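Coordinates as given in coords-v9.cif (mmCIF, C-alpha atoms):
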data_input
#
loop_
_atom_site.label_atom_id
_atom_site.label_comp_id
_atom_site.auth_asym_id
_atom_site.auth_seq_id
_atom_site.Cartn_x
_atom_site.Cartn_y
_atom_site.Cartn_z
CA MET A 5 -24.76 0.50 12.76
CA GLU A 6 -24.17 -3.08 13.87
CA ALA A 7 -23.47 -6.13 11.71
CA ASP A 8 -22.00 -9.60 12.02
CA ILE A 9 -19.78 -9.21 8.99
CA THR A 10 -18.57 -6.13 7.14
CA ILE A 11 -17.41 -6.76 3.61
CA ILE A 12 -15.17 -4.13 2.08
CA GLY A 13 -15.45 -4.14 -1.69
CA LEU A 14 -18.40 -4.43 -4.05
CA GLY A 15 -16.59 -6.24 -6.83
CA PRO A 16 -17.21 -9.91 -7.65
CA ALA A 17 -15.30 -11.26 -4.62
CA GLY A 18 -17.13 -9.02 -2.15
CA LEU A 19 -20.55 -9.63 -3.68
CA GLN A 20 -20.06 -13.40 -3.76
CA ALA A 21 -18.93 -13.29 -0.13
CA ALA A 22 -22.06 -11.26 0.68
CA ILE A 23 -24.29 -13.82 -1.06
CA HIS A 24 -22.76 -16.79 0.75
CA ALA A 25 -22.55 -15.16 4.18
CA SER A 26 -26.13 -13.81 4.01
CA ARG A 27 -27.46 -17.27 3.26
CA LYS A 28 -25.95 -18.45 6.54
CA LYS A 29 -28.31 -16.22 8.54
CA VAL A 30 -25.79 -13.63 9.64
CA LYS A 31 -26.14 -9.88 9.21
CA VAL A 32 -23.97 -8.69 6.37
CA VAL A 33 -23.10 -5.13 5.40
CA ALA A 34 -21.03 -4.62 2.26
CA VAL A 35 -19.44 -1.29 1.34
CA GLY A 36 -17.43 -0.08 -1.62
CA LYS A 37 -17.87 1.28 -5.11
CA SER A 38 -18.91 -1.22 -7.75
CA ASP A 39 -17.83 1.26 -10.41
CA ASN A 40 -14.25 0.95 -9.18
CA SER A 41 -14.14 -2.81 -9.62
CA SER A 42 -11.91 -3.85 -12.50
CA LEU A 43 -14.86 -6.01 -13.64
CA ASN A 44 -16.77 -2.79 -14.32
CA LYS A 45 -14.51 -2.15 -17.32
CA ALA A 46 -14.42 -5.72 -18.60
CA GLU A 47 -16.32 -7.91 -20.99
CA VAL A 48 -16.35 -11.45 -19.63
CA GLU A 49 -15.87 -14.36 -22.02
CA ASN A 50 -14.04 -16.88 -19.86
CA TYR A 51 -16.45 -17.56 -17.03
CA LEU A 52 -18.15 -20.94 -16.89
CA GLY A 53 -21.62 -20.84 -18.41
CA ILE A 54 -21.36 -17.26 -19.63
CA PRO A 55 -20.21 -17.05 -23.27
CA SER A 56 -20.18 -13.25 -23.17
CA MET A 57 -21.46 -10.64 -20.77
CA MET A 58 -20.48 -7.11 -19.87
CA GLY A 59 -18.91 -6.65 -16.44
CA PRO A 60 -21.28 -3.90 -15.24
CA GLU A 61 -24.24 -6.21 -15.94
CA ILE A 62 -22.69 -9.03 -13.89
CA LEU A 63 -22.11 -6.58 -11.05
CA ARG A 64 -25.66 -5.23 -11.26
CA ILE A 65 -27.15 -8.73 -11.05
CA GLY A 66 -24.72 -9.65 -8.28
CA ARG A 67 -25.79 -6.66 -6.20
CA GLU A 68 -29.44 -7.62 -6.59
CA GLN A 69 -28.67 -11.22 -5.61
CA ALA A 70 -26.78 -10.13 -2.50
CA LYS A 71 -29.60 -7.79 -1.47
CA GLY A 72 -32.12 -10.54 -2.17
CA PHE A 73 -30.41 -12.74 0.42
CA GLY A 74 -30.52 -9.95 2.99
CA ALA A 75 -27.16 -8.20 2.65
CA GLU A 76 -27.15 -4.41 3.01
CA LEU A 77 -25.04 -2.67 0.39
CA PHE A 78 -23.65 0.86 0.54
CA GLU A 79 -21.89 2.48 -2.42
CA GLU A 80 -19.39 4.29 -0.21
CA ASP A 81 -15.61 4.33 0.13
CA VAL A 82 -14.05 3.05 3.31
CA ILE A 83 -11.70 5.63 4.77
CA LYS A 84 -10.87 3.93 8.08
CA LEU A 85 -10.85 0.45 9.52
CA ALA A 86 -9.96 -0.29 13.13
CA LYS A 87 -10.05 -3.05 15.70
CA GLU A 88 -11.77 -2.04 18.93
CA GLY A 89 -11.81 -4.84 21.48
CA ASP A 90 -13.41 -7.81 19.77
CA ASP A 91 -15.12 -5.64 17.18
CA PHE A 92 -14.08 -4.10 13.90
CA VAL A 93 -15.13 -0.53 13.16
CA THR A 94 -15.43 0.52 9.54
CA VAL A 95 -15.89 4.21 8.69
CA THR A 96 -17.01 5.36 5.25
CA ASP A 97 -16.74 8.60 3.33
CA GLN A 98 -20.38 9.33 4.27
CA ASP A 99 -19.35 9.17 7.92
CA ARG A 100 -21.19 5.89 8.34
CA GLU A 101 -19.78 3.73 11.11
CA ILE A 102 -20.27 -0.04 11.00
CA ARG A 103 -19.36 -2.19 13.98
CA SER A 104 -19.00 -5.91 13.24
CA ARG A 105 -17.57 -9.18 14.57
CA ALA A 106 -15.76 -10.09 11.36
CA VAL A 107 -14.47 -8.31 8.31
CA ILE A 108 -13.83 -9.50 4.78
CA LEU A 109 -11.28 -7.56 2.72
CA ALA A 110 -12.33 -7.71 -0.93
CA MET A 111 -11.40 -4.29 -2.24
CA GLY A 112 -9.18 -5.40 -5.11
CA ILE A 113 -5.79 -4.07 -6.05
CA SER A 114 -5.34 -0.53 -7.22
CA ARG A 115 -3.23 -0.28 -10.36
CA ALA A 116 -3.77 3.42 -10.83
CA LYS A 117 -0.79 5.50 -11.85
CA LEU A 118 -1.06 9.01 -13.17
CA ASN A 119 1.18 8.30 -16.17
CA VAL A 120 2.60 11.75 -16.74
CA PRO A 121 6.22 12.67 -17.48
CA GLY A 122 8.18 13.18 -14.27
CA GLU A 123 6.08 10.79 -12.19
CA LYS A 124 8.60 7.97 -12.31
CA GLU A 125 11.70 10.17 -12.44
CA TYR A 126 10.83 12.09 -9.28
CA LEU A 127 9.45 9.21 -7.23
CA GLY A 128 10.97 9.69 -3.80
CA ARG A 129 12.25 13.14 -4.76
CA GLY A 130 8.95 14.92 -4.40
CA VAL A 131 6.53 12.42 -5.89
CA SER A 132 4.73 10.22 -3.38
CA TYR A 133 1.83 7.79 -3.38
CA CYS A 134 1.39 7.84 0.40
CA ALA A 135 0.54 11.07 2.19
CA SER A 136 0.40 9.42 5.61
CA CYS A 137 3.95 8.08 5.06
CA ASP A 138 5.59 11.14 3.56
CA ALA A 139 3.70 14.25 4.73
CA GLY A 140 6.37 14.93 7.36
CA PHE A 141 9.04 15.48 4.69
CA PHE A 142 7.16 18.51 3.35
CA LYS A 143 6.96 20.66 6.47
CA GLY A 144 6.61 24.31 5.48
CA ARG A 145 6.72 23.59 1.74
CA PRO A 146 3.99 23.77 -0.91
CA VAL A 147 2.47 20.54 -2.25
CA ALA A 148 -0.21 19.32 -4.65
CA VAL A 149 -2.49 16.34 -4.24
CA ILE A 150 -3.87 14.72 -7.38
CA GLY A 151 -7.05 12.67 -7.38
CA GLU A 152 -10.81 12.85 -7.59
CA GLU A 153 -11.95 10.55 -4.83
CA SER A 154 -11.82 9.93 -1.09
CA GLU A 155 -8.10 9.16 -0.81
CA ALA A 156 -7.22 12.51 -2.39
CA ALA A 157 -9.58 14.32 -0.02
CA GLU A 158 -8.10 12.59 3.03
CA SER A 159 -4.54 13.20 1.81
CA ALA A 160 -5.18 16.92 1.13
CA ALA A 161 -6.70 17.44 4.57
CA LEU A 162 -3.81 15.61 6.25
CA LEU A 163 -1.16 17.56 4.35
CA THR A 164 -2.49 20.91 5.60
CA GLU A 165 -1.03 19.95 8.99
CA TYR A 166 2.47 19.95 7.46
CA ALA A 167 2.74 21.83 4.16
CA SER A 168 2.77 25.61 3.75
CA LYS A 169 0.22 25.36 0.95
CA VAL A 170 -1.90 22.46 -0.35
CA TYR A 171 -3.47 22.38 -3.80
CA TRP A 172 -5.98 19.64 -4.53
CA VAL A 173 -5.90 19.05 -8.27
CA HIS A 174 -8.75 17.10 -9.83
CA ARG A 175 -10.51 16.46 -13.13
CA GLY A 176 -14.05 16.37 -11.75
CA LEU A 177 -14.62 15.52 -8.12
CA LYS A 178 -16.20 12.20 -7.21
CA VAL A 179 -16.26 12.57 -3.43
CA SER A 180 -19.15 12.58 -1.00
CA GLN A 181 -20.47 15.91 0.25
CA HIS A 182 -19.26 14.91 3.70
CA MET A 183 -15.66 14.57 2.48
CA LEU A 184 -15.86 17.78 0.47
CA ASP A 185 -17.14 19.68 3.51
CA LYS A 186 -14.29 18.22 5.55
CA VAL A 187 -11.72 19.52 3.07
CA LYS A 188 -13.43 22.90 2.77
CA ARG A 189 -12.93 23.43 6.49
CA THR A 190 -9.15 23.34 5.84
CA PRO A 191 -6.99 25.86 3.89
CA VAL A 192 -6.76 23.48 0.88
CA GLU A 193 -7.09 25.24 -2.49
CA ILE A 194 -9.17 23.13 -4.85
CA VAL A 195 -8.00 23.41 -8.47
CA GLU A 196 -9.75 21.78 -11.41
CA GLY A 197 -7.24 20.89 -14.08
CA LYS A 198 -5.47 18.15 -15.95
CA PRO A 199 -1.93 17.37 -14.79
CA VAL A 200 0.41 17.10 -17.77
CA ARG A 201 3.91 17.05 -16.29
CA ILE A 202 5.84 17.01 -13.03
CA VAL A 203 8.92 19.18 -13.32
CA GLY A 204 12.01 19.70 -11.25
CA GLU A 205 15.76 19.63 -10.99
CA GLN A 206 17.22 17.43 -8.28
CA THR A 207 13.77 17.35 -6.70
CA VAL A 208 10.29 18.48 -7.73
CA THR A 209 9.78 22.20 -8.29
CA GLY A 210 6.40 22.24 -9.98
CA LEU A 211 3.32 20.60 -11.38
CA GLU A 212 2.21 21.65 -14.83
CA LEU A 213 -1.49 21.59 -15.57
CA GLU A 214 -3.09 22.43 -18.88
CA GLY A 215 -2.78 26.22 -18.96
CA ARG A 216 -1.33 26.65 -15.47
CA LYS A 217 1.72 25.78 -13.41
CA LEU A 218 1.75 25.21 -9.67
CA ASP A 219 5.01 25.88 -7.83
CA VAL A 220 5.18 22.92 -5.48
CA ASN A 221 7.90 20.74 -3.97
CA GLY A 222 5.68 17.72 -3.44
CA VAL A 223 3.17 15.92 -5.65
CA PHE A 224 1.00 13.34 -3.90
CA ILE A 225 -0.77 10.99 -6.28
CA ALA A 226 -3.89 9.73 -4.53
CA LEU A 227 -6.20 8.18 -7.08
CA GLY A 228 -9.24 6.17 -6.02
CA ALA A 229 -10.02 5.01 -2.52
CA LYS A 230 -7.72 4.06 0.33
CA GLY A 231 -5.59 1.11 -0.77
CA SER A 232 -6.12 -2.47 0.30
CA ALA A 233 -2.68 -2.72 1.91
CA GLU A 234 -3.28 0.30 4.12
CA LEU A 235 -6.68 -0.94 5.26
CA ALA A 236 -5.22 -4.38 5.99
CA LEU A 237 -2.46 -2.82 8.08
CA GLU A 238 -5.05 -0.93 10.10
CA VAL A 239 -6.35 -4.25 11.48
CA GLY A 240 -2.93 -5.82 11.96
CA VAL A 241 -2.70 -7.81 8.72
CA LEU A 242 0.70 -7.45 7.07
CA PRO A 243 0.57 -7.71 3.27
CA ASP A 244 3.70 -8.58 1.32
CA PRO A 245 5.57 -5.72 -0.42
CA SER A 246 3.45 -6.11 -3.54
CA GLY A 247 0.31 -5.60 -1.44
CA LYS A 248 -0.76 -9.24 -1.57
CA ILE A 249 -2.58 -10.52 1.52
CA THR A 250 -1.83 -14.11 2.50
CA VAL A 251 -4.82 -16.29 3.40
CA ASN A 252 -5.29 -19.90 4.45
CA GLU A 253 -7.67 -22.44 2.89
CA GLU A 254 -10.60 -20.75 4.65
CA CYS A 255 -9.56 -17.41 3.16
CA ARG A 256 -8.67 -16.23 6.66
CA THR A 257 -5.74 -13.90 7.11
CA GLU A 258 -3.18 -14.11 9.91
CA MET A 259 -5.70 -12.30 12.14
CA GLU A 260 -8.72 -13.94 13.75
CA MET A 261 -12.01 -12.88 12.13
CA VAL A 262 -10.28 -11.07 9.26
CA TYR A 263 -10.83 -12.70 5.88
CA ALA A 264 -9.71 -11.70 2.41
CA CYS A 265 -10.70 -12.74 -1.10
CA GLY A 266 -10.25 -11.80 -4.74
CA ASP A 267 -7.43 -9.79 -6.29
CA VAL A 268 -6.07 -8.70 -2.87
CA THR A 269 -4.92 -12.28 -2.24
CA GLY A 270 -2.97 -12.68 -5.47
CA THR A 271 -3.16 -13.69 -9.09
CA PRO A 272 -4.68 -14.53 -11.51
CA TRP A 273 -6.84 -11.43 -11.33
CA GLN A 274 -9.82 -13.22 -12.77
CA LEU A 275 -13.56 -13.25 -12.13
CA ALA A 276 -13.56 -17.03 -11.59
CA ARG A 277 -10.93 -16.85 -8.87
CA ALA A 278 -12.60 -13.85 -7.23
CA VAL A 279 -16.02 -15.50 -6.91
CA GLY A 280 -14.45 -18.81 -5.81
CA GLN A 281 -12.62 -17.11 -2.98
CA GLY A 282 -15.62 -14.90 -2.20
CA CYS A 283 -17.68 -18.04 -1.62
CA VAL A 284 -15.05 -19.49 0.72
CA ALA A 285 -14.51 -16.23 2.63
CA GLY A 286 -18.26 -15.62 3.03
CA ASP A 287 -18.91 -19.15 4.26
CA SER A 288 -15.91 -19.18 6.60
CA ALA A 289 -16.63 -15.79 8.14
CA ALA A 290 -20.30 -16.69 8.70
CA LYS A 291 -19.32 -19.97 10.33
CA ALA A 292 -16.82 -18.21 12.62
CA VAL A 293 -19.41 -15.61 13.65
CA ARG A 294 -22.02 -18.27 14.41
CA GLN A 295 -19.52 -20.27 16.45
CA GLY A 296 -18.69 -17.18 18.46
CA ARG A 297 -22.31 -16.42 19.36
CA MET B 6 31.03 -26.39 -11.09
CA GLU B 7 32.00 -27.82 -7.73
CA GLU B 8 35.40 -26.16 -7.99
CA ILE B 9 33.81 -22.80 -8.69
CA GLU B 10 31.63 -23.22 -5.64
CA GLN B 11 34.67 -24.02 -3.52
CA ILE B 12 36.50 -20.92 -4.76
CA ARG B 13 33.42 -18.84 -4.08
CA GLU B 14 33.14 -20.20 -0.55
CA ARG B 15 36.86 -19.62 0.10
CA LYS B 16 36.55 -16.03 -1.14
CA ARG B 17 33.52 -15.54 1.05
CA GLN B 18 35.38 -16.87 4.08
CA GLU B 19 38.34 -14.59 3.27
CA MET B 20 36.04 -11.62 2.98
CA MET B 21 34.47 -12.42 6.32
CA LYS B 22 37.88 -12.70 7.97
CA GLY B 23 39.76 -9.77 6.57
CA GLY B 24 37.97 -8.23 3.60
CA SER B 25 36.19 -5.69 5.74
CA GLN B 26 38.71 -4.97 8.44
CA GLY B 27 37.70 -8.10 10.28
CA ALA B 28 34.20 -6.77 10.81
CA ASP B 29 31.58 -9.03 12.32
CA TRP B 30 28.80 -9.37 9.84
CA PRO B 31 25.38 -8.84 11.33
CA ALA B 32 22.70 -11.48 10.65
CA GLU B 33 19.94 -8.98 11.33
CA PRO B 34 19.46 -5.30 10.48
CA VAL B 35 21.44 -2.89 12.64
CA GLU B 36 19.70 0.21 14.01
CA ILE B 37 21.81 3.13 12.80
CA SER B 38 21.58 6.88 13.43
CA ASP B 39 22.98 10.17 12.15
CA ALA B 40 25.94 9.58 14.50
CA THR B 41 26.75 6.04 13.34
CA PHE B 42 25.71 6.25 9.67
CA ASN B 43 29.12 7.07 8.13
CA ASP B 44 30.97 4.41 10.09
CA PHE B 45 28.38 1.80 9.20
CA ILE B 46 28.44 2.36 5.44
CA LYS B 47 32.25 2.23 5.43
CA LYS B 48 32.56 -0.79 7.68
CA TYR B 49 31.29 -3.31 5.11
CA PRO B 50 31.96 -3.51 1.36
CA THR B 51 28.26 -3.72 0.51
CA VAL B 52 25.59 -2.09 2.65
CA LEU B 53 21.86 -1.56 2.34
CA VAL B 54 20.24 1.10 4.49
CA ASP B 55 16.47 0.90 4.93
CA CYS B 56 15.16 4.41 5.61
CA TRP B 57 11.84 3.99 7.39
CA ALA B 58 9.50 5.35 10.06
CA PRO B 59 7.22 3.54 12.48
CA TRP B 60 3.95 5.00 11.13
CA CYS B 61 4.68 4.06 7.52
CA GLY B 62 2.66 1.06 6.33
CA PRO B 63 4.81 0.14 3.30
CA CYS B 64 7.87 0.29 5.60
CA ARG B 65 6.27 -2.30 7.86
CA MET B 66 5.56 -4.44 4.79
CA MET B 67 9.25 -4.31 3.90
CA SER B 68 10.44 -5.22 7.37
CA PRO B 69 10.19 -9.05 7.05
CA VAL B 70 11.94 -8.80 3.65
CA ILE B 71 14.86 -6.85 5.13
CA ASP B 72 15.06 -9.20 8.13
CA GLY B 73 15.08 -12.26 5.85
CA LEU B 74 17.72 -10.91 3.49
CA ALA B 75 19.95 -9.82 6.38
CA LYS B 76 20.01 -13.42 7.53
CA GLU B 77 20.41 -14.95 4.06
CA MET B 78 23.07 -12.52 2.86
CA LYS B 79 25.16 -12.40 6.01
CA GLY B 80 28.79 -12.08 4.98
CA GLN B 81 27.84 -10.45 1.66
CA VAL B 82 25.64 -7.46 2.53
CA ALA B 83 25.20 -5.62 5.83
CA PHE B 84 21.73 -4.21 6.47
CA GLY B 85 21.06 -1.05 8.44
CA LYS B 86 17.80 0.60 9.48
CA LEU B 87 17.59 4.37 9.76
CA ASN B 88 14.53 5.91 11.41
CA THR B 89 14.02 9.06 9.31
CA ASP B 90 11.88 10.65 11.99
CA GLU B 91 14.75 10.63 14.47
CA ASN B 92 17.63 11.17 12.03
CA SER B 93 16.79 14.16 9.91
CA LYS B 94 20.45 15.01 9.13
CA THR B 95 21.02 11.87 7.08
CA SER B 96 17.52 12.07 5.59
CA MET B 97 18.25 15.58 4.33
CA ARG B 98 21.72 14.62 3.12
CA PHE B 99 20.21 11.98 0.85
CA GLN B 100 17.13 14.11 0.01
CA ILE B 101 14.78 11.46 1.26
CA GLU B 102 11.22 12.58 0.62
CA ALA B 103 9.42 9.23 0.56
CA ILE B 104 9.68 6.11 2.63
CA PRO B 105 10.62 3.36 2.47
CA THR B 106 13.76 4.40 0.60
CA LEU B 107 16.51 1.80 0.33
CA LEU B 108 20.03 3.08 -0.20
CA VAL B 109 22.73 0.70 -1.42
CA PHE B 110 26.38 1.53 -0.76
CA LYS B 111 29.48 -0.03 -2.25
CA ASP B 112 32.70 0.77 -0.39
CA GLY B 113 31.00 3.73 1.25
CA GLU B 114 29.63 5.22 -1.99
CA MET B 115 25.94 5.22 -2.81
CA VAL B 116 25.32 3.14 -5.93
CA GLU B 117 21.57 2.62 -5.89
CA ARG B 118 18.48 4.27 -4.50
CA LEU B 119 15.20 2.36 -4.45
CA VAL B 120 11.93 3.99 -3.46
CA GLY B 121 8.87 2.11 -2.26
CA ALA B 122 8.16 -1.41 -1.09
CA ARG B 123 9.40 -4.14 -3.40
CA PRO B 124 9.42 -7.95 -3.40
CA LYS B 125 12.23 -9.89 -1.78
CA ASP B 126 13.29 -11.55 -5.05
CA ASP B 127 13.71 -8.22 -6.78
CA LEU B 128 15.78 -6.78 -3.95
CA SER B 129 17.90 -9.91 -3.66
CA ARG B 130 18.64 -9.85 -7.41
CA ARG B 131 19.65 -6.20 -7.32
CA LEU B 132 21.94 -6.76 -4.34
CA LYS B 133 23.60 -9.82 -5.86
CA ALA B 134 24.38 -7.77 -8.96
CA ARG B 135 26.31 -5.37 -6.71
CA LEU B 136 28.53 -7.99 -5.04
#
Would you encode the structure as structure tokens?
Amino acid sequence: MEADITIIGLGPAGLQAAIHASRKKVKVVAVGKSDNSSLNKAEVENYLGIPSMMGPEILRIGREQAKGFGAELFEEDVIKLAKEGDDFVTVTDQDREIRSRAVILAMGISRAKLNVPGEKEYLGRGVSYCASCDAGFFKGRPVAVIGEESEAAESAALLTEYASKVYWVHRGLKVSQHMLDKVKRTPVEIVEGKPVRIVGEQTVTGLELEGRKLDVNGVFIALGAKGSAELALEVGVLPDPSGKITVNEECRTEMEMVYACGDVTGTPWQLARAVGQGCVAGDSAAKAVRQGR
Amino acid sequence: MEEIEQIRERKRQEMMKGGSQGADWPAEPVEISDATFNDFIKKYPTVLVDCWAPWCGPCRMMSPVIDGLAKEMKGQVAFGKLNTDENSKTSMRFQIEAIPTLLVFKDGEMVERLVGARPKDDLSRRLKARL
């Protein structure tokens, strides 16, 4: 499908950007999972004019507002973002492809760690958070991927090209049928179970689940969706080592037509900052698109 | 305080002249390989080797940090870059299974191993503690 602006992220920054851009008479498509926004787990007491409101309710109203102004919203994970000529191509876990003139990165910062014994100790000695970076180190060896969502599915499928055996360990899958079908076409063994410990000597030798142990040399922790830093890199934006994306006063990144807002641009990770930047990014991107017409 | 600074500067100058066999300190990271690795880590008293690969996003995020520190810490720390894809011998020797991995050497001996991208301030602080 075609759009003027694709917004990645359905948290407060992305929704506010969608509201402001849509009101400028440009076609806006916003994709992401509202449930994965940190606001979804929060009760808000420090936002101007709102003494107390639950985060999910703010997100629900925000989605309706954005749709009311004409934005199209899709509750889908983005698995790929690319620049093709003057356009940006966004691909989701439902195999939806959106081609747009501008893109707004508003997918928040992932803070998900597995928090099991061995995770920290074996980081870099079998434990990895980046399958695309480290798959090559596990040629011909067995590995496990841990996660329930699209990043785990993508990582598991990728690892089958290198590892001798790939287990995909989850505690209840939350992936699209499209992604699940993609994995099922590979030799990945899907294992439902709760990881309790990563064990090893010098390097990882196994992953203990409740009631079962997997003999693996690699454990790839891939919780949630593809990270903001990786998506930014796919369109030539270089985040700092903490994953923060630098923007100017228009919320534009170092790349033309690529904007960013909310937690991805730094702290404080607050609703007020997210919507403030969402407003700026939405307005700026819409203005740039209209100027380019 | 001024006197301490002068002593520090004199020591630094001495180090640059003779403290490391008269080596020329690089102001930018040096591309090293399996063949040059051993010589490089022994050539300077303090060395950081950035183990990376071109396809690795977090490695690219670290690149400006390494470049900046190489310039700022010239004469104190020498920075090397080892492409793990092309230099599997060294990668296996140090059991590198994730990138970026930063290896810190003091007089040729590994003293610290850091995995993953990290902010410039953090890396700078860790290196200064090793001088």
Show me, as a Markdown table, the residues of chain A having an atom within 12 Å of chain B, each with the closest atom pair and its distance in Å, using only C-alpha atoms.
| residue | atom | partner | partner_atom | distance |
| --- | --- | --- | --- | --- |
| A:Lys124 | CA | B:Val120 | CA | 10.3 |
| A:Glu125 | CA | B:Val120 | CA | 10.9 |
| A:Tyr126 | CA | B:Glu102 | CA | 9.9 |
| A:Leu127 | CA | B:Val120 | CA | 6.9 |
| A:Gly128 | CA | B:Ala103 | CA | 4.7 |
| A:Arg129 | CA | B:Glu102 | CA | 5.5 |
| A:Gly130 | CA | B:Glu102 | CA | 6.0 |
| A:Val131 | CA | B:Ala103 | CA | 7.8 |
| A:Ser132 | CA | B:Ala103 | CA | 6.2 |
| A:Tyr133 | CA | B:Ala103 | CA | 8.7 |
| A:Cys134 | CA | B:Ala103 | CA | 8.2 |
| A:Ala135 | CA | B:Ala103 | CA | 9.2 |
| A:Ser136 | CA | B:Cys61 | CA | 7.1 |
| A:Cys137 | CA | B:Cys61 | CA | 4.8 |
| A:Asp138 | CA | B:Ala103 | CA | 5.2 |
| A:Ala139 | CA | B:Ala103 | CA | 8.7 |
| A:Gly140 | CA | B:Asp90 | CA | 8.4 |
| A:Phe141 | CA | B:Glu102 | CA | 5.5 |
| A:Phe142 | CA | B:Glu102 | CA | 7.7 |
| A:Lys143 | CA | B:Glu102 | CA | 10.8 |
| A:Arg145 | CA | B:Glu102 | CA | 11.9 |
| A:Gln206 | CA | B:Gln100 | CA | 8.9 |
| A:Thr207 | CA | B:Gln100 | CA | 8.2 |
| A:Val208 | CA | B:Glu102 | CA | 10.3 |
| A:Asn221 | CA | B:Glu102 | CA | 9.9 |
| A:Gly222 | CA | B:Glu102 | CA | 8.6 |
| A:Val223 | CA | B:Glu102 | CA | 10.7 |
| A:Phe224 | CA | B:Ala103 | CA | 10.4 |
| A:Gly231 | CA | B:Gly62 | CA | 10.9 |
| A:Ser232 | CA | B:Gly62 | CA | 11.2 |
| A:Ala233 | CA | B:Gly62 | CA | 7.9 |
| A:Glu234 | CA | B:Gly62 | CA | 6.4 |
| A:Leu235 | CA | B:Gly62 | CA | 9.6 |
| A:Ala236 | CA | B:Gly62 | CA | 9.6 |
| A:Leu237 | CA | B:Gly62 | CA | 6.7 |
| A:Glu238 | CA | B:Gly62 | CA | 8.8 |
| A:Val239 | CA | B:Gly62 | CA | 11.7 |
| A:Gly240 | CA | B:Gly62 | CA | 10.5 |
| A:Val241 | CA | B:Met66 | CA | 9.7 |
| A:Leu242 | CA | B:Met66 | CA | 6.2 |
| A:Pro243 | CA | B:Met66 | CA | 6.2 |
| A:Asp244 | CA | B:Met66 | CA | 5.7 |
| A:Pro245 | CA | B:Ala122 | CA | 5.1 |
| A:Ser246 | CA | B:Pro124 | CA | 6.2 |
| A:Gly247 | CA | B:Met66 | CA | 8.2 |
| A:Lys248 | CA | B:Met66 | CA | 10.2 |
| A:Ile249 | CA | B:Met66 | CA | 10.7 |
Could you write out that same residue set with C-alpha atoms as an mmCIF file, keeping the file's coordinate frame?
data_model
loop_
_atom_site.group_PDB
_atom_site.id
_atom_site.type_symbol
_atom_site.label_atom_id
_atom_site.label_comp_id
_atom_site.auth_asym_id
_atom_site.auth_seq_id
_atom_site.Cartn_x
_atom_site.Cartn_y
_atom_site.Cartn_z
ATOM 1 C CA LYS A 124 8.600 7.970 -12.310
ATOM 2 C CA GLU A 125 11.700 10.170 -12.440
ATOM 3 C CA TYR A 126 10.830 12.090 -9.280
ATOM 4 C CA LEU A 127 9.450 9.210 -7.230
ATOM 5 C CA GLY A 128 10.970 9.690 -3.800
ATOM 6 C CA ARG A 129 12.250 13.140 -4.760
ATOM 7 C CA GLY A 130 8.950 14.920 -4.400
ATOM 8 C CA VAL A 131 6.530 12.420 -5.890
ATOM 9 C CA SER A 132 4.730 10.220 -3.380
ATOM 10 C CA TYR A 133 1.830 7.790 -3.380
ATOM 11 C CA CYS A 134 1.390 7.840 0.400
ATOM 12 C CA ALA A 135 0.540 11.070 2.190
ATOM 13 C CA SER A 136 0.400 9.420 5.610
ATOM 14 C CA CYS A 137 3.950 8.080 5.060
ATOM 15 C CA ASP A 138 5.590 11.140 3.560
ATOM 16 C CA ALA A 139 3.700 14.250 4.730
ATOM 17 C CA GLY A 140 6.370 14.930 7.360
ATOM 18 C CA PHE A 141 9.040 15.480 4.690
ATOM 19 C CA PHE A 142 7.160 18.510 3.350
ATOM 20 C CA LYS A 143 6.960 20.660 6.470
ATOM 21 C CA ARG A 145 6.720 23.590 1.740
ATOM 22 C CA GLN A 206 17.220 17.430 -8.280
ATOM 23 C CA THR A 207 13.770 17.350 -6.700
ATOM 24 C CA VAL A 208 10.290 18.480 -7.730
ATOM 25 C CA ASN A 221 7.900 20.740 -3.970
ATOM 26 C CA GLY A 222 5.680 17.720 -3.440
ATOM 27 C CA VAL A 223 3.170 15.920 -5.650
ATOM 28 C CA PHE A 224 1.000 13.340 -3.900
ATOM 29 C CA GLY A 231 -5.590 1.110 -0.770
ATOM 30 C CA SER A 232 -6.120 -2.470 0.300
ATOM 31 C CA ALA A 233 -2.680 -2.720 1.910
ATOM 32 C CA GLU A 234 -3.280 0.300 4.120
ATOM 33 C CA LEU A 235 -6.680 -0.940 5.260
ATOM 34 C CA ALA A 236 -5.220 -4.380 5.990
ATOM 35 C CA LEU A 237 -2.460 -2.820 8.080
ATOM 36 C CA GLU A 238 -5.050 -0.930 10.100
ATOM 37 C CA VAL A 239 -6.350 -4.250 11.480
ATOM 38 C CA GLY A 240 -2.930 -5.820 11.960
ATOM 39 C CA VAL A 241 -2.700 -7.810 8.720
ATOM 40 C CA LEU A 242 0.700 -7.450 7.070
ATOM 41 C CA PRO A 243 0.570 -7.710 3.270
ATOM 42 C CA ASP A 244 3.700 -8.580 1.320
ATOM 43 C CA PRO A 245 5.570 -5.720 -0.420
ATOM 44 C CA SER A 246 3.450 -6.110 -3.540
ATOM 45 C CA GLY A 247 0.310 -5.600 -1.440
ATOM 46 C CA LYS A 248 -0.760 -9.240 -1.570
ATOM 47 C CA ILE A 249 -2.580 -10.520 1.520
#
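Residue nearest A:Val279, chosen from A:Thr10, A:Asn40, A:Gln20, A:Gln69 and counting all atoms listed in the file: A:Gln20.
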Near A:Asp8, counting all atoms listed in the file, which residues have an atom at most 7 Å away, once you skip same-chain residues fewer than 4 positions from it, shown as a ChimeraX atom specification?
/A:30-32,104-106,293
Run the PyMOL selection byres ((chain A and resi 93) around 9) on the file and write out the hits as an NGL selection string.
:A and (10 or 84-88 or 91-92 or 94-95 or 101-104)
